[in-house]
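Okay, run20.tsv is below, TSV, N, CA and C atoms:
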```tsv
chain	number	residue	atom	x	y	z
A	146	MET	N	-15.70	3.51	12.95
A	146	MET	CA	-15.74	2.27	12.17
A	146	MET	C	-15.08	1.15	12.97
A	147	LYS	N	-15.30	1.10	14.28
A	147	LYS	CA	-14.66	0.13	15.15
A	147	LYS	C	-15.28	-1.26	15.04
A	148	LYS	N	-16.60	-1.35	14.83
A	148	LYS	CA	-17.25	-2.66	14.82
A	148	LYS	C	-16.82	-3.46	13.59
A	149	GLU	N	-16.66	-4.76	13.81
A	149	GLU	CA	-16.29	-5.66	12.72
A	149	GLU	C	-17.52	-5.98	11.87
A	150	ILE	N	-17.35	-6.04	10.59
A	150	ILE	CA	-18.44	-6.33	9.68
A	150	ILE	C	-18.40	-7.82	9.36
A	151	LYS	N	-19.47	-8.53	9.69
A	151	LYS	CA	-19.54	-9.97	9.47
A	151	LYS	C	-20.25	-10.27	8.15
A	152	GLU	N	-19.63	-9.92	7.05
A	152	GLU	CA	-20.20	-10.15	5.74
A	152	GLU	C	-19.12	-10.69	4.81
A	153	LYS	N	-19.55	-11.08	3.63
A	153	LYS	CA	-18.61	-11.61	2.65
A	153	LYS	C	-17.72	-10.48	2.13
A	154	PHE	N	-16.42	-10.75	2.10
A	154	PHE	CA	-15.47	-9.76	1.60
A	154	PHE	C	-14.42	-10.46	0.75
A	155	ILE	N	-13.66	-9.66	0.03
A	155	ILE	CA	-12.55	-10.16	-0.78
A	155	ILE	C	-11.30	-9.48	-0.24
A	156	GLU	N	-10.27	-10.29	-0.02
A	156	GLU	CA	-9.06	-9.76	0.61
A	156	GLU	C	-7.88	-9.80	-0.35
A	157	GLY	N	-7.03	-8.80	-0.24
A	157	GLY	CA	-5.79	-8.73	-1.01
A	157	GLY	C	-4.67	-8.27	-0.10
A	158	ILE	N	-3.49	-8.86	-0.26
A	158	ILE	CA	-2.34	-8.50	0.56
A	158	ILE	C	-1.38	-7.70	-0.31
A	159	GLY	N	-0.89	-6.59	0.23
A	159	GLY	CA	0.08	-5.77	-0.48
A	159	GLY	C	1.29	-5.52	0.39
A	160	ARG	N	2.48	-5.51	-0.22
A	160	ARG	CA	3.71	-5.26	0.52
A	160	ARG	C	4.57	-4.25	-0.22
A	161	ARG	N	5.33	-3.47	0.56
A	161	ARG	CA	6.31	-2.53	-0.02
A	161	ARG	C	7.32	-2.24	1.07
A	162	LYS	N	8.60	-2.50	0.80
A	162	LYS	CA	9.67	-2.40	1.80
A	162	LYS	C	9.26	-3.24	3.02
A	163	THR	N	9.07	-2.64	4.19
A	163	THR	CA	8.65	-3.44	5.34
A	163	THR	C	7.18	-3.21	5.70
A	164	ALA	N	6.45	-2.51	4.86
A	164	ALA	CA	5.03	-2.26	5.11
A	164	ALA	C	4.20	-3.41	4.55
A	165	VAL	N	3.22	-3.85	5.34
A	165	VAL	CA	2.32	-4.92	4.91
A	165	VAL	C	0.89	-4.43	5.10
A	166	ALA	N	0.08	-4.54	4.05
A	166	ALA	CA	-1.31	-4.08	4.10
A	166	ALA	C	-2.25	-5.25	3.80
A	167	ARG	N	-3.27	-5.39	4.65
A	167	ARG	CA	-4.35	-6.34	4.41
A	167	ARG	C	-5.57	-5.53	4.01
A	168	VAL	N	-5.99	-5.67	2.78
A	168	VAL	CA	-7.08	-4.84	2.25
A	168	VAL	C	-8.29	-5.74	2.00
A	169	ARG	N	-9.42	-5.36	2.57
A	169	ARG	CA	-10.67	-6.08	2.36
A	169	ARG	C	-11.65	-5.17	1.63
A	170	ILE	N	-12.29	-5.71	0.59
A	170	ILE	CA	-13.31	-4.93	-0.11
A	170	ILE	C	-14.66	-5.62	0.05
A	171	PHE	N	-15.66	-4.80	0.30
A	171	PHE	CA	-17.03	-5.26	0.46
A	171	PHE	C	-17.85	-4.66	-0.68
A	172	PRO	N	-18.35	-5.49	-1.62
A	172	PRO	CA	-19.16	-4.94	-2.72
A	172	PRO	C	-20.49	-4.39	-2.21
A	173	GLN	N	-21.13	-3.55	-2.99
A	173	GLN	CA	-22.43	-2.93	-2.70
A	173	GLN	C	-22.41	-2.02	-1.48
A	174	LYS	N	-21.25	-1.54	-1.07
A	174	LYS	CA	-21.17	-0.57	0.02
A	174	LYS	C	-20.19	0.51	-0.41
A	175	SER	N	-20.12	1.57	0.36
A	175	SER	CA	-19.24	2.67	-0.02
A	175	SER	C	-18.46	3.15	1.20
A	176	GLY	N	-17.21	3.51	0.97
A	176	GLY	CA	-16.36	4.04	2.04
A	176	GLY	C	-14.94	3.57	1.87
A	177	PHE	N	-14.02	4.24	2.57
A	177	PHE	CA	-12.60	3.88	2.52
A	177	PHE	C	-12.01	4.18	3.89
A	178	PHE	N	-11.42	3.17	4.53
A	178	PHE	CA	-10.83	3.35	5.85
A	178	PHE	C	-9.47	2.69	5.91
A	179	VAL	N	-8.51	3.40	6.49
A	179	VAL	CA	-7.16	2.88	6.70
A	179	VAL	C	-6.92	2.87	8.21
A	180	ASN	N	-6.73	1.68	8.76
A	180	ASN	CA	-6.57	1.50	10.21
A	180	ASN	C	-7.69	2.23	10.98
A	181	ASP	N	-8.92	2.02	10.56
A	181	ASP	CA	-10.14	2.58	11.18
A	181	ASP	C	-10.20	4.11	11.13
A	182	GLN	N	-9.48	4.73	10.19
A	182	GLN	CA	-9.51	6.19	10.02
A	182	GLN	C	-9.73	6.51	8.55
A	183	GLU	N	-10.20	7.71	8.30
A	183	GLU	CA	-10.29	8.18	6.92
A	183	GLU	C	-8.86	8.33	6.39
A	184	PRO	N	-8.63	8.06	5.10
A	184	PRO	CA	-7.27	8.21	4.55
A	184	PRO	C	-6.72	9.63	4.71
A	185	GLU	N	-7.61	10.63	4.65
A	185	GLU	CA	-7.16	12.02	4.79
A	185	GLU	C	-6.61	12.29	6.19
A	186	LYS	N	-7.12	11.58	7.20
A	186	LYS	CA	-6.62	11.75	8.56
A	186	LYS	C	-5.36	10.92	8.80
A	187	TYR	N	-5.31	9.72	8.20
A	187	TYR	CA	-4.20	8.81	8.47
A	187	TYR	C	-2.91	9.25	7.77
A	188	PHE	N	-3.04	9.62	6.50
A	188	PHE	CA	-1.84	10.00	5.73
A	188	PHE	C	-1.63	11.51	5.81
A	189	PRO	N	-0.38	11.94	6.03
A	189	PRO	CA	-0.10	13.37	6.19
A	189	PRO	C	-0.19	14.15	4.89
A	190	SER	N	0.02	13.49	3.76
A	190	SER	CA	0.04	14.23	2.49
A	190	SER	C	-1.05	13.76	1.53
A	191	PHE	N	-1.48	14.66	0.69
A	191	PHE	CA	-2.51	14.39	-0.31
A	191	PHE	C	-2.04	13.36	-1.33
A	192	VAL	N	-0.73	13.33	-1.61
A	192	VAL	CA	-0.16	12.40	-2.59
A	192	VAL	C	-0.40	10.96	-2.17
A	193	GLU	N	-0.20	10.67	-0.87
A	193	GLU	CA	-0.40	9.30	-0.37
A	193	GLU	C	-1.87	8.90	-0.41
A	194	VAL	N	-2.76	9.85	-0.13
A	194	VAL	CA	-4.20	9.56	-0.20
A	194	VAL	C	-4.57	9.20	-1.63
A	195	GLU	N	-4.08	9.97	-2.59
A	195	GLU	CA	-4.36	9.70	-4.00
A	195	GLU	C	-3.79	8.35	-4.43
A	196	LYS	N	-2.60	8.01	-3.90
A	196	LYS	CA	-1.97	6.74	-4.24
A	196	LYS	C	-2.82	5.56	-3.78
A	197	THR	N	-3.42	5.68	-2.60
A	197	THR	CA	-4.20	4.56	-2.06
A	197	THR	C	-5.49	4.32	-2.85
A	198	ILE	N	-6.15	5.39	-3.30
A	198	ILE	CA	-7.43	5.22	-4.00
A	198	ILE	C	-7.28	5.15	-5.52
A	199	SER	N	-6.05	5.21	-6.01
A	199	SER	CA	-5.83	5.24	-7.46
A	199	SER	C	-6.38	4.02	-8.22
A	200	PRO	N	-6.34	2.78	-7.70
A	200	PRO	CA	-6.95	1.68	-8.47
A	200	PRO	C	-8.46	1.88	-8.67
A	201	LEU	N	-9.15	2.39	-7.66
A	201	LEU	CA	-10.59	2.63	-7.78
A	201	LEU	C	-10.88	3.77	-8.76
A	202	LYS	N	-10.04	4.81	-8.72
A	202	LYS	CA	-10.21	5.94	-9.65
A	202	LYS	C	-9.98	5.50	-11.09
A	203	LEU	N	-8.98	4.66	-11.30
A	203	LEU	CA	-8.67	4.17	-12.64
A	203	LEU	C	-9.85	3.40	-13.23
A	204	LEU	N	-10.49	2.58	-12.41
A	204	LEU	CA	-11.62	1.76	-12.87
A	204	LEU	C	-12.95	2.49	-12.79
A	205	LYS	N	-12.93	3.73	-12.28
A	205	LYS	CA	-14.15	4.54	-12.09
A	205	LYS	C	-15.17	3.82	-11.20
A	206	LYS	N	-14.67	3.24	-10.10
A	206	LYS	CA	-15.50	2.49	-9.16
A	206	LYS	C	-15.32	3.04	-7.74
A	207	LYS	N	-15.07	4.34	-7.63
A	207	LYS	CA	-14.73	4.93	-6.35
A	207	LYS	C	-15.79	4.73	-5.27
A	208	ASN	N	-17.07	4.76	-5.62
A	208	ASN	CA	-18.13	4.63	-4.62
A	208	ASN	C	-18.84	3.28	-4.66
A	209	ASP	N	-18.22	2.29	-5.32
A	209	ASP	CA	-18.87	0.98	-5.46
A	209	ASP	C	-18.44	-0.03	-4.39
A	210	PHE	N	-17.40	0.28	-3.61
A	210	PHE	CA	-16.88	-0.67	-2.63
A	210	PHE	C	-16.63	0.01	-1.29
A	211	LEU	N	-16.79	-0.78	-0.22
A	211	LEU	CA	-16.31	-0.38	1.10
A	211	LEU	C	-14.93	-1.01	1.23
A	212	VAL	N	-13.92	-0.21	1.45
A	212	VAL	CA	-12.54	-0.69	1.53
A	212	VAL	C	-12.05	-0.51	2.96
A	213	LEU	N	-11.64	-1.61	3.58
A	213	LEU	CA	-11.05	-1.58	4.92
A	213	LEU	C	-9.61	-2.06	4.80
A	214	ALA	N	-8.65	-1.21	5.13
A	214	ALA	CA	-7.24	-1.55	5.01
A	214	ALA	C	-6.59	-1.51	6.38
A	215	LYS	N	-5.92	-2.59	6.74
A	215	LYS	CA	-5.11	-2.65	7.96
A	215	LYS	C	-3.66	-2.68	7.49
A	216	VAL	N	-2.88	-1.73	7.94
A	216	VAL	CA	-1.50	-1.63	7.47
A	216	VAL	C	-0.57	-1.41	8.65
A	217	LYS	N	0.62	-2.04	8.58
A	217	LYS	CA	1.61	-1.85	9.63
A	217	LYS	C	3.01	-1.96	9.03
A	218	GLY	N	3.97	-1.38	9.72
A	218	GLY	CA	5.35	-1.41	9.29
A	218	GLY	C	5.65	-0.35	8.26
A	219	GLY	N	6.93	-0.03	8.10
A	219	GLY	CA	7.36	0.92	7.08
A	219	GLY	C	6.93	2.35	7.37
A	220	GLY	N	7.14	3.21	6.40
A	220	GLY	CA	6.72	4.60	6.52
A	220	GLY	C	5.39	4.81	5.82
A	221	LYS	N	4.91	6.03	5.87
A	221	LYS	CA	3.59	6.33	5.31
A	221	LYS	C	3.56	6.13	3.79
A	222	SER	N	4.61	6.49	3.10
A	222	SER	CA	4.64	6.35	1.65
A	222	SER	C	4.63	4.87	1.25
A	223	ALA	N	5.43	4.06	1.92
A	223	ALA	CA	5.45	2.62	1.65
A	223	ALA	C	4.11	1.98	2.01
A	224	GLN	N	3.47	2.46	3.07
A	224	GLN	CA	2.17	1.94	3.46
A	224	GLN	C	1.13	2.25	2.38
A	225	ALA	N	1.19	3.45	1.83
A	225	ALA	CA	0.25	3.83	0.77
A	225	ALA	C	0.42	2.93	-0.45
A	226	GLU	N	1.65	2.63	-0.83
A	226	GLU	CA	1.90	1.77	-1.98
A	226	GLU	C	1.48	0.33	-1.69
A	227	ALA	N	1.65	-0.11	-0.44
A	227	ALA	CA	1.22	-1.46	-0.06
A	227	ALA	C	-0.31	-1.58	-0.14
A	228	ILE	N	-1.01	-0.54	0.29
A	228	ILE	CA	-2.47	-0.53	0.20
A	228	ILE	C	-2.90	-0.56	-1.26
A	229	ARG	N	-2.22	0.21	-2.10
A	229	ARG	CA	-2.55	0.25	-3.53
A	229	ARG	C	-2.42	-1.15	-4.15
A	230	LEU	N	-1.34	-1.87	-3.83
A	230	LEU	CA	-1.14	-3.21	-4.37
A	230	LEU	C	-2.19	-4.18	-3.83
A	231	GLY	N	-2.47	-4.12	-2.53
A	231	GLY	CA	-3.48	-5.00	-1.95
A	231	GLY	C	-4.86	-4.75	-2.51
A	232	LEU	N	-5.21	-3.49	-2.71
A	232	LEU	CA	-6.50	-3.13	-3.28
A	232	LEU	C	-6.61	-3.62	-4.73
A	233	ALA	N	-5.55	-3.45	-5.50
A	233	ALA	CA	-5.56	-3.90	-6.90
A	233	ALA	C	-5.71	-5.42	-6.98
A	234	ARG	N	-5.03	-6.14	-6.10
A	234	ARG	CA	-5.13	-7.60	-6.09
A	234	ARG	C	-6.54	-8.05	-5.71
A	235	ALA	N	-7.15	-7.38	-4.74
A	235	ALA	CA	-8.51	-7.73	-4.33
A	235	ALA	C	-9.50	-7.45	-5.45
A	236	LEU	N	-9.31	-6.35	-6.17
A	236	LEU	CA	-10.20	-6.02	-7.29
A	236	LEU	C	-10.11	-7.06	-8.42
A	237	VAL	N	-8.91	-7.60	-8.64
A	237	VAL	CA	-8.74	-8.62	-9.67
A	237	VAL	C	-9.46	-9.91	-9.27
A	238	VAL	N	-9.42	-10.25	-7.97
A	238	VAL	CA	-10.15	-11.43	-7.50
A	238	VAL	C	-11.65	-11.20	-7.66
A	239	PHE	N	-12.11	-9.98	-7.38
A	239	PHE	CA	-13.53	-9.65	-7.51
A	239	PHE	C	-13.99	-9.77	-8.97
A	240	ASN	N	-13.19	-9.20	-9.89
A	240	ASN	CA	-13.54	-9.25	-11.31
A	240	ASN	C	-12.26	-9.37	-12.14
A	241	PRO	N	-11.98	-10.55	-12.70
A	241	PRO	CA	-10.74	-10.75	-13.47
A	241	PRO	C	-10.61	-9.83	-14.70
A	242	GLU	N	-11.71	-9.21	-15.14
A	242	GLU	CA	-11.62	-8.30	-16.28
A	242	GLU	C	-10.88	-7.01	-15.94
A	243	PHE	N	-10.76	-6.70	-14.65
A	243	PHE	CA	-10.03	-5.49	-14.22
A	243	PHE	C	-8.53	-5.65	-14.39
A	244	LYS	N	-8.06	-6.90	-14.54
A	244	LYS	CA	-6.62	-7.17	-14.52
A	244	LYS	C	-5.86	-6.41	-15.61
A	245	LYS	N	-6.42	-6.36	-16.81
A	245	LYS	CA	-5.72	-5.72	-17.94
A	245	LYS	C	-5.43	-4.24	-17.64
A	246	GLU	N	-6.46	-3.51	-17.20
A	246	GLU	CA	-6.27	-2.08	-16.91
A	246	GLU	C	-5.31	-1.84	-15.76
A	247	LEU	N	-5.46	-2.64	-14.69
A	247	LEU	CA	-4.60	-2.47	-13.51
A	247	LEU	C	-3.15	-2.81	-13.82
A	248	LYS	N	-2.95	-3.84	-14.65
A	248	LYS	CA	-1.60	-4.24	-15.01
A	248	LYS	C	-0.92	-3.19	-15.87
A	249	GLU	N	-1.67	-2.61	-16.82
A	249	GLU	CA	-1.11	-1.56	-17.68
A	249	GLU	C	-0.70	-0.34	-16.87
A	250	ALA	N	-1.46	-0.05	-15.81
A	250	ALA	CA	-1.14	1.10	-14.96
A	250	ALA	C	0.00	0.79	-13.99
A	251	GLY	N	0.40	-0.49	-13.89
A	251	GLY	CA	1.50	-0.87	-13.01
A	251	GLY	C	1.09	-1.09	-11.56
A	252	PHE	N	-0.20	-1.28	-11.31
A	252	PHE	CA	-0.68	-1.44	-9.94
A	252	PHE	C	-0.57	-2.87	-9.42
A	253	LEU	N	-0.31	-3.84	-10.30
A	253	LEU	CA	-0.23	-5.23	-9.87
A	253	LEU	C	1.21	-5.70	-9.70
A	254	LYS	N	2.16	-4.80	-9.86
A	254	LYS	CA	3.56	-5.17	-9.75
A	254	LYS	C	4.10	-4.78	-8.37
A	255	ARG	N	4.72	-5.75	-7.70
A	255	ARG	CA	5.30	-5.46	-6.39
A	255	ARG	C	6.67	-4.85	-6.59
A	256	ASP	N	6.95	-3.77	-5.90
A	256	ASP	CA	8.24	-3.10	-6.00
A	256	ASP	C	9.23	-3.85	-5.10
A	257	PRO	N	10.23	-4.53	-5.66
A	257	PRO	CA	11.10	-5.38	-4.84
A	257	PRO	C	12.21	-4.64	-4.09
A	258	ARG	N	12.35	-3.35	-4.33
A	258	ARG	CA	13.48	-2.62	-3.71
A	258	ARG	C	13.33	-2.57	-2.20
A	259	MET	N	14.40	-2.95	-1.51
A	259	MET	CA	14.43	-2.94	-0.05
A	259	MET	C	15.64	-2.12	0.40
A	260	ARG	N	15.61	-1.73	1.65
A	260	ARG	CA	16.72	-1.00	2.22
A	260	ARG	C	17.91	-1.94	2.36
A	261	GLU	N	19.10	-1.47	1.95
A	261	GLU	CA	20.31	-2.29	2.06
A	261	GLU	C	20.80	-2.28	3.50
A	262	ARG	N	21.22	-3.45	3.97
A	262	ARG	CA	21.63	-3.55	5.38
A	262	ARG	C	22.96	-2.85	5.64
A	263	LYS	N	23.16	-2.45	6.88
A	263	LYS	CA	24.40	-1.82	7.29
A	263	LYS	C	25.48	-2.89	7.42
A	264	LYS	N	26.69	-2.59	6.90
A	264	LYS	CA	27.81	-3.52	7.02
A	264	LYS	C	28.73	-3.09	8.15
A	265	PHE	N	29.38	-4.08	8.80
A	265	PHE	CA	30.28	-3.77	9.91
A	265	PHE	C	31.50	-2.99	9.40
A	266	GLY	N	32.00	-2.11	10.21
A	266	GLY	CA	33.15	-1.29	9.82
A	266	GLY	C	32.75	-0.05	9.03
A	267	LEU	N	31.47	0.05	8.66
A	267	LEU	CA	30.98	1.20	7.92
A	267	LEU	C	29.95	1.94	8.76
A	268	LYS	N	29.68	3.18	8.39
A	268	LYS	CA	28.71	3.97	9.13
A	268	LYS	C	27.28	3.66	8.70
A	269	ARG	N	27.10	3.42	7.39
A	269	ARG	CA	25.81	3.00	6.86
A	269	ARG	C	26.08	1.84	5.90
A	270	ALA	N	25.19	1.57	4.98
A	270	ALA	CA	25.37	0.44	4.07
A	270	ALA	C	26.66	0.55	3.26
A	271	ARG	N	26.95	1.76	2.77
A	271	ARG	CA	28.16	1.95	1.96
A	271	ARG	C	29.05	3.09	2.42
A	272	ARG	N	28.56	3.89	3.34
A	272	ARG	CA	29.31	5.07	3.81
A	272	ARG	C	30.43	4.64	4.74
A	273	ALA	N	31.68	4.86	4.27
A	273	ALA	CA	32.86	4.51	5.08
A	273	ALA	C	33.20	5.65	6.02
A	274	PRO	N	33.91	5.35	7.11
A	274	PRO	CA	34.37	6.43	7.98
A	274	PRO	C	35.30	7.36	7.20
A	275	GLN	N	35.32	8.63	7.59
A	275	GLN	CA	36.15	9.61	6.88
A	275	GLN	C	37.62	9.24	7.03
A	276	TRP	N	38.34	9.28	5.92
A	276	TRP	CA	39.76	8.90	5.94
A	276	TRP	C	40.60	10.08	6.42
A	277	GLN	N	41.57	9.78	7.30
A	277	GLN	CA	42.46	10.82	7.83
A	277	GLN	C	43.89	10.44	7.59
A	278	LYS	N	44.66	11.36	7.02
A	278	LYS	CA	46.07	11.06	6.73
A	278	LYS	C	46.89	11.09	8.03
A	279	ARG	N	46.66	12.10	8.88
A	279	ARG	CA	47.43	12.22	10.13
A	279	ARG	C	46.53	12.28	11.33
```

Could you render the structure from this file as structure tokens?
Amino acid sequence: MKKEIKEKFIEGIGRRKTAVARVRIFPQKSGFFVNDQEPEKYFPSFVEVEKTISPLKLLKKKNDFLVLAKVKGGGKSAQAEAIRLGLARALVVFNPEFKKELKEAGFLKRDPRMRERKKFGLKRARRAPQWQKR
């Protein structure tokens, strides 16, 4: 799936922690690709694959769109959630009637939790060096 498709598409951006996903959907085609690979090859676990296609499964539109997702940053789990948010946003732009179902399932909400930064004098964000009496 290396060649670029020069057709009309709808794009949605999804973010989670430091992962950013650009998801493009092409109506009247079928397929799902993450960074030019099948999701089963890209993600190590079945849970992440299910997470990425869950908006399409919820709407029962699994074979109605060609989905191309470019994702970078973060870990595989955060990337899967970023793709899910980007896909849900693109589906809402395609058809605003999908918004109610996607919102009830929690697919349109961005998870704001981020990793806490390391503070000086500590080993991690909150882990202090071990205290020694002598």

Protein and nucleic acid residues near (-2.5, 2.0, -13.1) (cut-off 6 Å, all atoms listed in the file) as a ChimeraX atom specification
/A:246-247,249-252

Select, from A:Leu213, A:Val165, A:Leu236, A:Ile198, the residue with the minimum atom-to-atom distance to Val179 of chain A, counting only N, CA and C atoms.
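Residue with the minimum atom-to-atom distance to Val179 of chain A: A:Leu213.
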
What's the 9 Å shell around Ser222 of chain A, counting only C-alpha atoms, without same-chain residues fewer than 3 positions away, as a VMD selection string?
chain A and resid 188 192 to 193 196 219 225 to 227

Can you tell me how far atom CA of Ala223 of chain A sits from atom C of Lys202 of chain A, in Å to one decimal?
20.2 Å

Atom CA of Glu242 of chain A to atom C of Gly159 of chain A: how many Å, to one decimal?
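Interatomic distance, atom CA of Glu242 of chain A to atom C of Gly159 of chain A: 21.3 Å.
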
Rounded to one decimal place, report the atom C of Lys205 of chain A-atom CA of Val168 of chain A distance in Å.
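Calculated distance between atom C of Lys205 of chain A and atom CA of Val168 of chain A is 17.9 Å.
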
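Residue nearest Leu230 of chain A within the list A:Leu201, A:Ile158, A:Val194, A:Ala273: A:Ile158 [criterion: smallest interatomic distance, only C-alpha atoms].
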
Please identify which residues in segment 172-270 of chain A DSSP calls helix (DSSP H, G or I) from the backbone, and express them as number ranges by chain.
A: 184-187, 191-204, 221-239, 241-250

Could you please give me, as a list of chain:residue names, the residues of protein, DNA or RNA lying at most 7 Å from (-12.1, -6.2, 2.7) in the coordinate frame of the file, considering only C-alpha atoms?
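All residues meeting the 7 Å criterion around (-12.1, -6.2, 2.7) are A:Phe154, A:Ile155, A:Glu156, A:Val168, A:Arg169, A:Ile170, A:Phe171, A:Val212, A:Leu213.
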
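Among the candidates A:Lys244, A:Gln277, A:Pro172, A:Gln224, the residue lying nearest to Asp209 of chain A is A:Pro172 (atoms considered: only N, CA and C atoms).
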
Using only N, CA and C atoms, which of A:Leu211, A:Met259, A:Leu253, A:Leu203 sits nearest Arg161 of chain A?
A:Met259

Hey, what does DSSP flag as strand (DSSP E or B) within chain A? Can you give it to me as a VMD selection string?
chain A and resid 155 to 161 164 to 172 176 to 179 182 210 to 217

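Closest approach to Gly231 of chain A from the set A:Gly157, A:Pro184, A:Gly176, A:Pro257 is made by A:Gly157, with distances taken over only C-alpha atoms.
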